[in-house]
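Colleague: Structure below; questions to follow.
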Amino acid sequence: MLRFPSSGALRFFRIKTLPLRPAKRTMATEVTAFIEDFNQAYEQKHKAFEDNFWSTKMNLKGCSADELTRTKNELDRFLGDAQMLAKVQLLLQRVDLSAEQRKTLAIFERTFKCYIITDEKGVAMREELNRLEAKLAEGRRAMKLGYTNKDGQFVEASSVQLRSIMRTSEDEAVRKSCYEGMRSIGNFVAAQFIEITKLRNKLARSVGFECYYDMKVTAAEGFGKQILFPMLEKLVDRSKSIRDKALKTLAAEKGEDALKPWNMGYALAGDLSALQDPYFPFENAVNAWARSFAALNIKYSGATMRLDLCDRAGKYSNGFCHWPQPAWQSSSRGWIPSEANFTSLATPGQVGSGHTALVTLMHEGGHAAHFANVHQPSPLFSQERAPTSIPYAENQSMFLDSLVGDAAWIGRYAMNKNGEVMPWELIEREIRQLHPYKVFALTSMLAVPIFERRLYDMAEDKLTVEAMLKLADEVELEVQGVMSSRPLLSVPHPLTDESAAYYHGYVLADMAVYQTRKHFLQKYGYLVDNPKIGEDLKNIYWTPGNSRMFLDLVKEMTGEELSGDAYIEMLEQDVEELVTKERAAYQEAVTKGPKYSAGDAVDLEMRVLLVHGDEVISDSNEGGITAACQQFSKWIGANFSK
């Protein structure tokens, strides 16, 4: 524990009259002790909150919204201690600090500045926000969501299930009912979310920011919304002609009704999802992820990962990865490996569930690999909130999940239960059918931060439920060109402080993903099963944690400033050229096969726990990760109908 009172009162050190060198050693020891005590105190507060975050989001036995609020408030108060900031700044004035001490104290200072609120009214507003957000989350978790099936019966379904059915159901009435279910989320959350929005803005303005979005992006990225949004708006402008061409092509090929929000996903996928589904068996997803990461030479430095992969009633409606235990190097305890909680929302047996689970595993597993490999002298370097850059965090996961779309990856890992690789014809069909429409993923991402920015820019007397619902529809039409199958107010991120004013990170990260892919292809010639990729990711992107700025790391990795050039190049790539390139990569992949076969033992330097709510399904400590995957596969077979 800390050696100073929890109230944050300054601790005064007694210094004996000693010769100069011993005095310096004594003070250096005091600084080391201060850093270590602070780190351990932060670690305790962080873990208490994250344990409650997981239990409430997963709807575990005994979960408590009140406990979540209490531990969040305690963490906020700890990080918002102005007297502690003053102590850190006083220590930073010393001329005899080691480089590591100075770096560590600097991240303390930078973190404090993201959270410090000196005004008592501001502290009260923040705590009230924690209460309101927990209440909204609890209500949203209990919301009865669903659709009317072809027999006219109401079927309960999560938002993830509704979107999946919209992509795969042949019945338009069912698809439309799913869309209406998605739309109902906005009406359900609107009144409470408006009050949260007003209070967030009031808090941000009380500490000198233009609005809540400006406060959040400044804390995370080190620059405000006046720098961020010109970058996003430039991408909107550059992609608009590509988007319009894609919409026109879709309407010409599938009819105008294909542009309706409940039809668009189905029109794009058609029967492709069903045809590809056997090559992504849900029960094999964990094994494919583990083998793919092992072949990339990705290790987890002794981490423990808890995976809760299947959807169920009351579970939070978005995949995520959080760290109740950040990785760090302690001066007294040595290396502290990370603990990660990782969830997805798959429904085994539902068409597309295996592919969804696999992409989520690659994505969230990428997050976990990143934060497991931050080797720095404080947990503040490896925690996911500000001042950790959002696109910095998302770049890692989105780069790794992008591999699943590569023919070189599919030719090695996309196999049915008989061990047969997905045929080239299905991959070529996907390229021809979907590549011209990849711009839709970009515009879908862009719509979220643009909506949030305009929401927080609205005058308080204009912030009404009706105005917010109208704004959401207007932004969808403006940015996406049509109404979206995923209504903006069904996106869970804006509702909670951890992920509000966050989505711009996905856009900037995707820019970095395509820039990084281009760099690796130019440097090494290939991506999948390349062990040098894991080495470069660890050494350049992962090890520094938030001691380095995102834009600087991208430049160090790729040799260029971050831009949307590589992203736009990908969107504009000629389909015939892409087919030729991917066919060659597929043929090579099938010939070579994966580095590790399905039954091979792989070592990710990690303990894996596969769970379903409170139930522990399997544990890699009992026979290794391959055995844990096999036990999980049996559990899926026993608990979910095909």
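If you're wondering about the labels, chains in the structure tokens are A, B, ... by order shown, residues count from 1 in each chain, ligands from 1 in order shown.
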Give me, as a count of residues only, all polymer residues having an atom no more than 12 Å from range 598-606 of chain A, counting only C-alpha atoms and skipping those fewer than 3 positions away in the same chain.
Modeller: 56
Colleague: Considering only C-alpha atoms, return as a VMD selection string whatever protein or nucleic-acid residues lie within 10 Å of Gln161 in chain A, sequence-local ones (same chain, fewer than 5 positions apart) excluded.
Modeller: chain A and resid 146 156 166 to 167 178 311 317 345 to 347 350 353
Colleague: May I have the residues within 8 Å of Ser484 in chain A as a PyMOL selection string, using only C-alpha atoms and disregarding those fewer than 5 positions away in the same chain?
Modeller: chain A and resi 261+444+476
Colleague: Can you list, as a PyMOL selection string, every residue of range 247-321 of chain A that DSSP puts in strand (DSSP E or B)?
Modeller: chain A and resi 303-310+320-321
Colleague: Let's have the selection written as a PDB file, in the first residue's frame, with N, CA, C and O atoms.
Modeller:
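out-v5.pdb written:
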```pdb
ATOM      1  N   ALA A 303       0.715 -14.502 -19.463  1.00  0.00           N
ATOM      2  CA  ALA A 303      -0.615 -13.964 -19.162  1.00  0.00           C
ATOM      3  C   ALA A 303      -1.626 -15.071 -18.894  1.00  0.00           C
ATOM      4  O   ALA A 303      -1.435 -16.237 -19.251  1.00  0.00           O
ATOM      5  N   THR A 304      -2.727 -14.678 -18.271  1.00  0.00           N
ATOM      6  CA  THR A 304      -3.901 -15.531 -18.114  1.00  0.00           C
ATOM      7  C   THR A 304      -5.048 -14.873 -18.858  1.00  0.00           C
ATOM      8  O   THR A 304      -5.300 -13.675 -18.676  1.00  0.00           O
ATOM      9  N   MET A 305      -5.747 -15.648 -19.705  1.00  0.00           N
ATOM     10  CA  MET A 305      -6.867 -15.097 -20.465  1.00  0.00           C
ATOM     11  C   MET A 305      -8.128 -15.904 -20.193  1.00  0.00           C
ATOM     12  O   MET A 305      -8.130 -17.128 -20.290  1.00  0.00           O
ATOM     13  N   ARG A 306      -9.189 -15.190 -19.848  1.00  0.00           N
ATOM     14  CA  ARG A 306     -10.503 -15.808 -19.632  1.00  0.00           C
ATOM     15  C   ARG A 306     -11.380 -15.480 -20.834  1.00  0.00           C
ATOM     16  O   ARG A 306     -11.625 -14.313 -21.130  1.00  0.00           O
ATOM     17  N   LEU A 307     -11.853 -16.516 -21.551  1.00  0.00           N
ATOM     18  CA  LEU A 307     -12.648 -16.332 -22.764  1.00  0.00           C
ATOM     19  C   LEU A 307     -14.087 -16.784 -22.525  1.00  0.00           C
ATOM     20  O   LEU A 307     -14.332 -17.948 -22.186  1.00  0.00           O
ATOM     21  N   ASP A 308     -15.025 -15.867 -22.694  1.00  0.00           N
ATOM     22  CA  ASP A 308     -16.461 -16.160 -22.602  1.00  0.00           C
ATOM     23  C   ASP A 308     -17.045 -15.854 -23.980  1.00  0.00           C
ATOM     24  O   ASP A 308     -17.327 -14.709 -24.313  1.00  0.00           O
ATOM     25  N   LEU A 309     -17.215 -16.893 -24.799  1.00  0.00           N
ATOM     26  CA  LEU A 309     -17.430 -16.690 -26.231  1.00  0.00           C
ATOM     27  C   LEU A 309     -18.886 -16.743 -26.683  1.00  0.00           C
ATOM     28  O   LEU A 309     -19.210 -16.210 -27.745  1.00  0.00           O
ATOM     29  N   CYS A 310     -19.771 -17.393 -25.949  1.00  0.00           N
ATOM     30  CA  CYS A 310     -21.131 -17.649 -26.441  1.00  0.00           C
ATOM     31  C   CYS A 310     -22.135 -16.650 -25.881  1.00  0.00           C
ATOM     32  O   CYS A 310     -22.058 -16.252 -24.714  1.00  0.00           O
ATOM     33  N   PHE A 320     -15.503  -7.533 -26.188  1.00  0.00           N
ATOM     34  CA  PHE A 320     -14.466  -6.631 -25.669  1.00  0.00           C
ATOM     35  C   PHE A 320     -13.375  -7.451 -24.999  1.00  0.00           C
ATOM     36  O   PHE A 320     -13.529  -8.643 -24.738  1.00  0.00           O
ATOM     37  N   CYS A 321     -12.270  -6.797 -24.742  1.00  0.00           N
ATOM     38  CA  CYS A 321     -11.188  -7.376 -23.954  1.00  0.00           C
ATOM     39  C   CYS A 321     -10.730  -6.319 -22.957  1.00  0.00           C
ATOM     40  O   CYS A 321     -10.373  -5.204 -23.354  1.00  0.00           O
TER      41      CYS A 321
END
```
Colleague: Would you list, as number ranges by chain, the residues of range 521-603 of chain A that end up in helix (DSSP H, G or I) under DSSP run on this structure's backbone?
Modeller: A: 521-524, 531-542, 545-547, 550-558, 565-572, 575-592
Colleague: Can you pull out the residues contacting Met458 in chain A? Cut-off 10 Å, using only C-alpha atoms, and skip same-chain residues under 6 positions away; I want them as a ChimeraX atom specification.
Modeller: /A:198,201,211,464,467-468
Colleague: Quick one: write out the picked residues with C-alpha atoms as a PDB file, in the first residue's frame?
Modeller:
```pdb
ATOM      1  CA  LYS A 198     -25.938  16.947 -20.898  1.00  0.00           C
ATOM      2  CA  ASN A 201     -20.858  18.272 -21.443  1.00  0.00           C
ATOM      3  CA  CYS A 211     -17.389  19.716 -24.951  1.00  0.00           C
ATOM      4  CA  THR A 464     -34.066  16.485 -26.634  1.00  0.00           C
ATOM      5  CA  ALA A 467     -33.554  15.933 -31.693  1.00  0.00           C
ATOM      6  CA  MET A 468     -31.157  13.106 -30.892  1.00  0.00           C
TER       7      MET A 468
END
```
Colleague: Go through A:Tyr586, A:Phe342, A:Tyr179, A:Tyr42 and flag the residue nearest His322 in chain A, using only C-alpha atoms for the distances.
Modeller: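 Closest residue, counting only C-alpha atoms: A:Phe342.
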Colleague: At a cut-off of 12 Å, using only C-alpha atoms, what residues contact Arg200 in chain A? Leave out same-chain residues fewer than 6 positions from it and give the result as a ChimeraX atom specification.
Modeller: /A:122-130,132-133,193-194,206-207,209-216,455-457,460,494-497,500-501
Colleague: Which distance in Å separates CA of His504 in chain A and CA of Val554 in chain A, to one decimal?
Modeller: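 Separation of CA of His504 in chain A and CA of Val554 in chain A: 16.5 Å.
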Colleague: List the spatial neighbours of Gln396 in chain A as a ChimeraX atom specification - criterion: any atom at most 7 Å away, only C-alpha atoms, same-chain residues fewer than 5 positions off excluded.
Modeller: /A:366-367,370
Colleague: Okay, now the selection with all heavy atoms, as a PDB file, in the first residue's frame?
Modeller:
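File produced: out_28.pdb:
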```pdb
ATOM      1  N   GLY A 366      -5.748 -10.056 -30.298  1.00  0.00           N
ATOM      2  CA  GLY A 366      -4.724  -9.077 -30.655  1.00  0.00           C
ATOM      3  C   GLY A 366      -4.563  -8.019 -29.585  1.00  0.00           C
ATOM      4  O   GLY A 366      -3.438  -7.622 -29.232  1.00  0.00           O
ATOM      5  N   HIS A 367      -5.706  -7.550 -29.060  1.00  0.00           N
ATOM      6  CA  HIS A 367      -5.638  -6.619 -27.926  1.00  0.00           C
ATOM      7  C   HIS A 367      -4.857  -7.251 -26.771  1.00  0.00           C
ATOM      8  O   HIS A 367      -3.982  -6.621 -26.160  1.00  0.00           O
ATOM      9  CB  HIS A 367      -7.046  -6.301 -27.421  1.00  0.00           C
ATOM     10  CG  HIS A 367      -7.761  -5.240 -28.187  1.00  0.00           C
ATOM     11  ND1 HIS A 367      -7.208  -4.012 -28.469  1.00  0.00           N
ATOM     12  CD2 HIS A 367      -9.026  -5.208 -28.707  1.00  0.00           C
ATOM     13  CE1 HIS A 367      -8.088  -3.276 -29.133  1.00  0.00           C
ATOM     14  NE2 HIS A 367      -9.186  -3.976 -29.296  1.00  0.00           N
ATOM     15  N   HIS A 370      -1.133  -7.478 -27.353  1.00  0.00           N
ATOM     16  CA  HIS A 370      -0.534  -6.152 -27.231  1.00  0.00           C
ATOM     17  C   HIS A 370      -0.279  -5.811 -25.761  1.00  0.00           C
ATOM     18  O   HIS A 370       0.855  -5.542 -25.347  1.00  0.00           O
ATOM     19  CB  HIS A 370      -1.477  -5.133 -27.885  1.00  0.00           C
ATOM     20  CG  HIS A 370      -1.176  -3.707 -27.561  1.00  0.00           C
ATOM     21  ND1 HIS A 370      -2.108  -2.702 -27.696  1.00  0.00           N
ATOM     22  CD2 HIS A 370      -0.062  -3.092 -27.102  1.00  0.00           C
ATOM     23  CE1 HIS A 370      -1.582  -1.557 -27.346  1.00  0.00           C
ATOM     24  NE2 HIS A 370      -0.341  -1.758 -26.975  1.00  0.00           N
TER      25      HIS A 370
END
```
Colleague: With only C-alpha atoms as the atoms that count, which of A:Ala472, A:Gly319, A:Arg205, A:Arg517 lies nearest to Arg453 in chain A?
Modeller: A:Ala472
Colleague: Which residue, A:Pro544, A:Pro436, A:Gly186, A:Gly349, has the smallest gap to Leu578 in chain A when you use only C-alpha atoms?
Modeller: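 For Leu578 in chain A, the nearest of the candidates is A:Pro436.
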Colleague: Closest to Glu428 in chain A among A:His612, A:Lys260, A:Lys248, A:Arg583, using only C-alpha atoms?
Modeller: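 So, comparing all the options, the nearest one is A:Arg583.
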Colleague: Determine, counting only C-alpha atoms, which protein, DNA and RNA residues have an atom within 9 Å of an atom of range 34-40 of chain A; residues of the same chain fewer than 4 positions away are not included. Present the result as JSON, numbers by chain.
Modeller: {"A": [1, 2, 3, 29, 30, 44, 45, 101, 104, 105, 330, 331, 332, 377, 378, 379, 380]}
Colleague: Go ahead and write the selection's residues with N, CA and C atoms as a compact mmCIF listing (two decimals), in the first residue's frame.
Modeller:
```
# COMPACT_ATOMS: atom_id res chain seq x y z
N MET A 1 0.83 -1.20 0.00
CA MET A 1 0.00 0.00 0.00
C MET A 1 0.87 1.25 0.00
N LEU A 2 0.21 2.37 -0.29
CA LEU A 2 0.93 3.64 -0.30
C LEU A 2 1.41 4.01 1.08
N ARG A 3 2.48 4.73 1.10
CA ARG A 3 3.03 5.17 2.38
C ARG A 3 2.56 6.57 2.75
N THR A 29 16.29 6.03 -3.44
CA THR A 29 15.52 4.92 -2.87
C THR A 29 14.12 5.37 -2.51
N GLU A 30 13.99 6.58 -1.99
CA GLU A 30 12.67 7.12 -1.64
C GLU A 30 11.80 7.26 -2.89
N GLN A 44 -4.39 -2.14 -7.32
CA GLN A 44 -5.49 -2.62 -6.48
C GLN A 44 -6.81 -1.97 -6.87
N LYS A 45 -6.81 -0.65 -7.07
CA LYS A 45 -8.04 0.06 -7.45
C LYS A 45 -8.51 -0.37 -8.83
N GLN A 101 13.04 6.34 -13.86
CA GLN A 101 12.23 7.05 -12.88
C GLN A 101 11.52 8.24 -13.52
N THR A 104 8.69 7.09 -15.70
CA THR A 104 7.56 6.59 -14.92
C THR A 104 6.78 7.72 -14.27
N LEU A 105 7.49 8.67 -13.68
CA LEU A 105 6.81 9.82 -13.08
C LEU A 105 6.08 10.63 -14.14
N SER A 330 7.63 -4.79 -11.80
CA SER A 330 7.69 -4.23 -10.45
C SER A 330 9.12 -4.27 -9.93
N SER A 331 9.50 -3.22 -9.19
CA SER A 331 10.85 -3.19 -8.62
C SER A 331 10.99 -4.15 -7.46
N SER A 332 9.87 -4.58 -6.87
CA SER A 332 9.94 -5.49 -5.73
C SER A 332 9.43 -6.89 -6.05
N PRO A 377 7.79 -0.03 -16.41
CA PRO A 377 7.87 -0.08 -14.95
C PRO A 377 6.63 0.44 -14.21
N SER A 378 5.46 0.37 -14.83
CA SER A 378 4.23 0.78 -14.14
C SER A 378 3.03 0.21 -14.88
N PRO A 379 1.97 -0.16 -14.15
CA PRO A 379 0.75 -0.62 -14.82
C PRO A 379 0.07 0.50 -15.60
N LEU A 380 0.42 1.74 -15.34
CA LEU A 380 -0.19 2.84 -16.09
C LEU A 380 0.23 2.85 -17.56
```
Colleague: Counting only C-alpha atoms, which of A:Leu272, A:Ala106, A:Leu488, A:Val31 gets nearest to Glu430 in chain A?
Modeller: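 The shortest atom-to-atom distance to Glu430 in chain A comes from A:Leu272.
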